[in-house]
>>> print(open('coords-v4.pdb').read())   # PDB, C-alpha atoms (C1' of nucleotides)
MODEL        1
ATOM      1  CA  MET A   1     -44.533  43.585  21.226  1.00  0.00           C
ATOM      2  CA  SER A   2     -43.892  47.322  21.367  1.00  0.00           C
ATOM      3  CA  ASP A   3     -41.665  49.315  19.008  1.00  0.00           C
ATOM      4  CA  GLY A   4     -39.238  49.918  21.844  1.00  0.00           C
ATOM      5  CA  GLN A   5     -38.955  46.240  22.617  1.00  0.00           C
ATOM      6  CA  ALA A   6     -38.480  45.420  18.933  1.00  0.00           C
ATOM      7  CA  ARG A   7     -35.795  48.088  18.596  1.00  0.00           C
ATOM      8  CA  PHE A   8     -33.977  46.768  21.648  1.00  0.00           C
ATOM      9  CA  LEU A   9     -34.081  43.244  20.240  1.00  0.00           C
ATOM     10  CA  GLU A  10     -32.777  44.542  16.898  1.00  0.00           C
ATOM     11  CA  LEU A  11     -29.863  46.187  18.697  1.00  0.00           C
ATOM     12  CA  SER A  12     -29.151  42.963  20.527  1.00  0.00           C
ATOM     13  CA  PHE A  13     -29.336  41.019  17.288  1.00  0.00           C
ATOM     14  CA  GLY A  14     -26.849  43.443  15.769  1.00  0.00           C
ATOM     15  CA  LYS A  15     -24.428  42.577  18.539  1.00  0.00           C
ATOM     16  CA  GLU A  16     -25.078  38.844  18.834  1.00  0.00           C
ATOM     17  CA  ARG A  17     -26.849  36.501  16.447  1.00  0.00           C
ATOM     18  CA  LYS A  18     -27.464  33.866  19.113  1.00  0.00           C
ATOM     19  CA  LEU A  19     -28.204  34.127  22.796  1.00  0.00           C
ATOM     20  CA  GLU A  20     -26.890  32.019  25.624  1.00  0.00           C
ATOM     21  CA  THR A  21     -29.720  31.012  27.944  1.00  0.00           C
ATOM     22  CA  PRO A  22     -28.686  33.404  30.775  1.00  0.00           C
ATOM     23  CA  ARG A  23     -28.461  36.292  28.311  1.00  0.00           C
ATOM     24  CA  LYS A  24     -31.855  35.359  26.910  1.00  0.00           C
ATOM     25  CA  VAL A  25     -33.396  35.343  30.369  1.00  0.00           C
ATOM     26  CA  GLN A  26     -31.720  38.648  31.203  1.00  0.00           C
ATOM     27  CA  LEU A  27     -32.901  40.239  27.974  1.00  0.00           C
ATOM     28  CA  ALA A  28     -36.422  38.975  28.544  1.00  0.00           C
ATOM     29  CA  ALA A  29     -36.378  40.411  32.067  1.00  0.00           C
ATOM     30  CA  GLU A  30     -35.105  43.779  30.838  1.00  0.00           C
ATOM     31  CA  LEU A  31     -37.846  43.918  28.232  1.00  0.00           C
ATOM     32  CA  GLY A  32     -40.595  42.459  30.381  1.00  0.00           C
ATOM     33  CA  LEU A  33     -41.082  39.617  27.927  1.00  0.00           C
ATOM     34  CA  ASP A  34     -41.228  35.872  28.275  1.00  0.00           C
ATOM     35  CA  ALA A  35     -37.857  34.200  27.604  1.00  0.00           C
ATOM     36  CA  LYS A  36     -39.660  31.974  25.112  1.00  0.00           C
ATOM     37  CA  GLN A  37     -40.776  35.054  23.191  1.00  0.00           C
ATOM     38  CA  VAL A  38     -37.201  36.315  23.038  1.00  0.00           C
ATOM     39  CA  ALA A  39     -36.016  32.905  21.845  1.00  0.00           C
ATOM     40  CA  VAL A  40     -38.690  32.783  19.154  1.00  0.00           C
ATOM     41  CA  TRP A  41     -37.912  36.343  18.110  1.00  0.00           C
ATOM     42  CA  PHE A  42     -34.230  35.495  17.646  1.00  0.00           C
ATOM     43  CA  GLN A  43     -35.061  32.288  15.789  1.00  0.00           C
ATOM     44  CA  ASN A  44     -37.324  34.118  13.377  1.00  0.00           C
ATOM     45  CA  ARG A  45     -34.864  36.991  13.019  1.00  0.00           C
ATOM     46  CA  ARG A  46     -32.040  34.606  12.131  1.00  0.00           C
ATOM     47  CA  ALA A  47     -34.226  32.762   9.632  1.00  0.00           C
ATOM     48  CA  ARG A  48     -35.361  35.963   7.941  1.00  0.00           C
ATOM     49  CA  HIS A  49     -31.867  37.420   7.953  1.00  0.00           C
ATOM     50  CA  LYS A  50     -30.596  34.272   6.279  1.00  0.00           C
ATOM     51  CA  SER A  51     -33.266  34.325   3.599  1.00  0.00           C
ATOM     52  CA  LYS A  52     -32.446  37.978   2.916  1.00  0.00           C
ATOM     53  CA  LEU A  53     -28.760  37.104   2.530  1.00  0.00           C
ATOM     54  CA  MET A  54     -29.719  34.261   0.212  1.00  0.00           C
ATOM     55  CA  GLU A  55     -31.770  36.621  -1.939  1.00  0.00           C
ATOM     56  CA  GLU A  56     -28.871  39.058  -2.136  1.00  0.00           C
ATOM     57  CA  GLU A  57     -26.482  36.238  -3.019  1.00  0.00           C
ATOM     58  CA  PHE A  58     -28.894  35.038  -5.679  1.00  0.00           C
ATOM     59  CA  SER A  59     -29.037  38.520  -7.203  1.00  0.00           C
ATOM     60  CA  ARG A  60     -25.228  38.713  -7.259  1.00  0.00           C
ATOM     61  CA  LEU A  61     -24.930  35.291  -8.861  1.00  0.00           C
ATOM     62  CA  ARG A  62     -27.585  36.081 -11.428  1.00  0.00           C
ATOM     63  CA  ALA A  63     -25.822  39.339 -12.351  1.00  0.00           C
ATOM     64  CA  ALA A  64     -22.509  37.474 -12.671  1.00  0.00           C
ATOM     65  CA  HIS A  65     -24.207  34.808 -14.762  1.00  0.00           C
ATOM     66  CA  ASP A  66     -25.800  37.382 -17.074  1.00  0.00           C
ATOM     67  CA  ALA A  67     -22.452  39.122 -17.491  1.00  0.00           C
ATOM     68  CA  ALA A  68     -20.742  35.809 -18.279  1.00  0.00           C
ATOM     69  CA  VAL A  69     -23.386  34.909 -20.867  1.00  0.00           C
ATOM     70  CA  LEU A  70     -22.963  38.298 -22.497  1.00  0.00           C
ATOM     71  CA  HIS A  71     -19.194  37.964 -22.508  1.00  0.00           C
ATOM     72  CA  ASN A  72     -19.484  34.485 -23.966  1.00  0.00           C
ATOM     73  CA  CYS A  73     -21.737  35.837 -26.672  1.00  0.00           C
ATOM     74  CA  HIS A  74     -19.180  38.492 -27.562  1.00  0.00           C
ATOM     75  CA  LEU A  75     -16.406  35.912 -27.657  1.00  0.00           C
ATOM     76  CA  GLU A  76     -18.443  33.636 -29.920  1.00  0.00           C
ATOM     77  CA  THR A  77     -19.203  36.513 -32.243  1.00  0.00           C
ATOM     78  CA  GLU A  78     -15.511  37.352 -32.309  1.00  0.00           C
ATOM     79  CA  VAL A  79     -14.515  33.737 -33.005  1.00  0.00           C
ATOM     80  CA  VAL A  80     -17.059  33.349 -35.780  1.00  0.00           C
ATOM     81  CA  GLY A  81     -15.871  36.602 -37.298  1.00  0.00           C
ATOM     82  CA  GLN A  82     -12.274  35.398 -37.194  1.00  0.00           C
ATOM     83  CA  TRP A  83     -13.335  32.094 -38.683  1.00  0.00           C
ATOM     84  CA  HIS A  84     -14.955  33.885 -41.618  1.00  0.00           C
ATOM     85  CA  HIS A  85     -11.831  35.951 -42.162  1.00  0.00           C
ATOM     86  CA  THR A  86      -9.629  32.864 -41.994  1.00  0.00           C
ATOM     87  CA  LYS A  87     -11.842  31.063 -44.438  1.00  0.00           C
ATOM     88  CA  LEU A  88     -11.756  34.062 -46.738  1.00  0.00           C
ATOM     89  CA  ASP A  89      -7.969  34.175 -46.511  1.00  0.00           C
ATOM     90  CA  LEU A  90      -7.758  30.466 -47.311  1.00  0.00           C
ATOM     91  CA  CYS A  91      -9.986  30.929 -50.308  1.00  0.00           C
ATOM     92  CA  THR A  92      -8.050  33.841 -51.689  1.00  0.00           C
ATOM     93  CA  HIS A  93      -4.685  32.161 -51.114  1.00  0.00           C
ATOM     94  CA  THR A  94      -5.569  28.736 -52.409  1.00  0.00           C
ATOM     95  CA  THR A  95      -7.676  29.761 -55.352  1.00  0.00           C
ATOM     96  CA  ARG A  96      -5.610  29.960 -58.522  1.00  0.00           C
ATOM     97  CA  PRO A  97      -6.420  32.456 -61.138  1.00  0.00           C
ATOM     98  CA  HIS A  98      -8.531  31.029 -63.908  1.00  0.00           C
ATOM     99  CA  ASN A  99      -6.683  29.768 -66.896  1.00  0.00           C
ATOM    100  CA  SER A 100      -8.428  30.971 -69.973  1.00  0.00           C
ATOM    101  CA  ASP A 101      -7.279  27.797 -71.736  1.00  0.00           C
ATOM    102  CA  ASP A 102      -9.515  25.559 -69.593  1.00  0.00           C
TER     103      ASP A 102
ATOM    104  C1'  DT B   1     -33.622  16.976  27.065  1.00  0.00           C
ATOM    105  C1'  DC B   2     -32.608  21.285  25.116  1.00  0.00           C
ATOM    106  C1'  DT B   3     -31.735  24.228  21.270  1.00  0.00           C
ATOM    107  C1'  DC B   4     -31.550  24.892  16.624  1.00  0.00           C
ATOM    108  C1'  DT B   5     -33.315  25.171  11.718  1.00  0.00           C
ATOM    109  C1'  DA B   6     -36.813  24.796   8.307  1.00  0.00           C
ATOM    110  C1'  DA B   7     -41.358  24.789   7.204  1.00  0.00           C
ATOM    111  C1'  DT B   8     -45.670  26.275   8.150  1.00  0.00           C
ATOM    112  C1'  DC B   9     -49.656  28.472  10.353  1.00  0.00           C
ATOM    113  C1'  DC B  10     -52.105  32.454  11.612  1.00  0.00           C
ATOM    114  C1'  DC B  11     -53.417  37.079  11.835  1.00  0.00           C
ATOM    115  C1'  DA B  12     -53.125  42.138  11.438  1.00  0.00           C
ATOM    116  C1'  DC B  13     -52.223  45.429   7.934  1.00  0.00           C
TER     117       DC B  13
ATOM    118  C1'  DG C   1     -50.031  39.659  -0.692  1.00  0.00           C
ATOM    119  C1'  DT C   2     -46.725  40.721   2.993  1.00  0.00           C
ATOM    120  C1'  DG C   3     -44.523  40.908   7.563  1.00  0.00           C
ATOM    121  C1'  DG C   4     -43.890  39.067  11.794  1.00  0.00           C
ATOM    122  C1'  DG C   5     -45.034  36.209  16.019  1.00  0.00           C
ATOM    123  C1'  DA C   6     -45.980  31.469  17.182  1.00  0.00           C
ATOM    124  C1'  DT C   7     -46.091  26.386  16.443  1.00  0.00           C
ATOM    125  C1'  DT C   8     -44.418  21.969  14.851  1.00  0.00           C
ATOM    126  C1'  DA C   9     -41.269  18.335  13.186  1.00  0.00           C
ATOM    127  C1'  DG C  10     -36.937  16.635  12.931  1.00  0.00           C
ATOM    128  C1'  DA C  11     -31.760  16.782  13.667  1.00  0.00           C
ATOM    129  C1'  DG C  12     -27.790  17.203  16.560  1.00  0.00           C
ATOM    130  C1'  DA C  13     -25.126  17.522  20.925  1.00  0.00           C
TER     131       DA C  13
ENDMDL
END
>>> encode(input="coords-v4.pdb", output="structure tokens")
Amino acid sequence: MSDGQARFLELSFGKERKLETPRKVQLAAELGLDAKQVAVWFQNRRARHKSKLMEEEFSRLRAAHDAAVLHNCHLETEVVGQWHHTKLDLCTHTTRPHNSDD
DNA sequence: TCTCTAATCCCAC
DNA sequence: GTGGGATTAGAGA
């Protein structure tokens, strides 16, 4: 398949993801290709486009996941810090001064 | 029966 | 190894 034919198919794919049979036959005739070749090209193009989208989606989800884990870590650190302060406050407020008589 | 997807094969680079 | 055309198996209308 020539570069020109591939470019034409890419343009067609940009306009329509699937081809009706008449359109497929017409496209094949315009390009001097077998209709089967055009069908296979579109099938492969759809499959590879989908896997690319999946990879991009995976990257987005992974980034969101990493950000959520980081945020969670910060929140936990904050909570633990508050817990220490609370505990300290409880200690200082509940602890009576030592009686020297004891 | 036809078309599609998903998986895979095969080959040039 | 990777990209891309071709084949195959199975599902759905």
>>> interface_residues(input="coords-v4.pdb", of="chain C", to="chain A", cutoff="9 Å", atoms="only C-alpha atoms (C1' of nucleotides)", output="PyMOL selection string")
chain C and resi 4-6
>>> interface_residues(input="coords-v4.pdb", of="chain B", to="chain A", cutoff="12 Å", atoms="only C-alpha atoms (C1' of nucleotides)", output="number ranges by chain")
B: 2-7
>>> atom_distance(input="coords-v4.pdb", atom1="atom CA of A:Asp34", atom2="atom CA of A:Phe8")
14.7 Å
>>> atom_distance(input="coords-v4.pdb", atom1="atom CA of A:Leu31", atom2="atom CA of A:Gln5")
6.2 Å
>>> axis_aligned_box(input="coords-v4.pdb", around="stretch 1-19 of chain A", padding_each_side="4 Å", output="AutoDock Vina command-line options")
--center_x -34.5 --center_y 41.9 --center_z 19.3 --size_x 28.1 --size_y 24.1 --size_z 15.0
>>> resolve_selection(input="coords-v4.pdb", expression="the PyMOL selection byres ((chain C and resi 7) around 9)", output="list of chain:residue names")
B:DT8, B:DC9, C:DA6, C:DT8
>>> atom_distance(input="coords-v4.pdb", atom1="atom CA of A:Leu27", atom2="atom CA of A:Ser12")
8.8 Å
>>> resolve_selection(input="coords-v4.pdb", expression="the PyMOL selection byres ((chain B and resi 12) around 10)", output="list in words")
DC10, DC11 and DC13 of chain B; DG3 and DG4 of chain C
>>> closest_residue(input="coords-v4.pdb", among="A:Glu76, A:Phe42, A:Met54, A:Asp3", to="A:Glu16", atoms="all atoms listed in the file")
A:Phe42
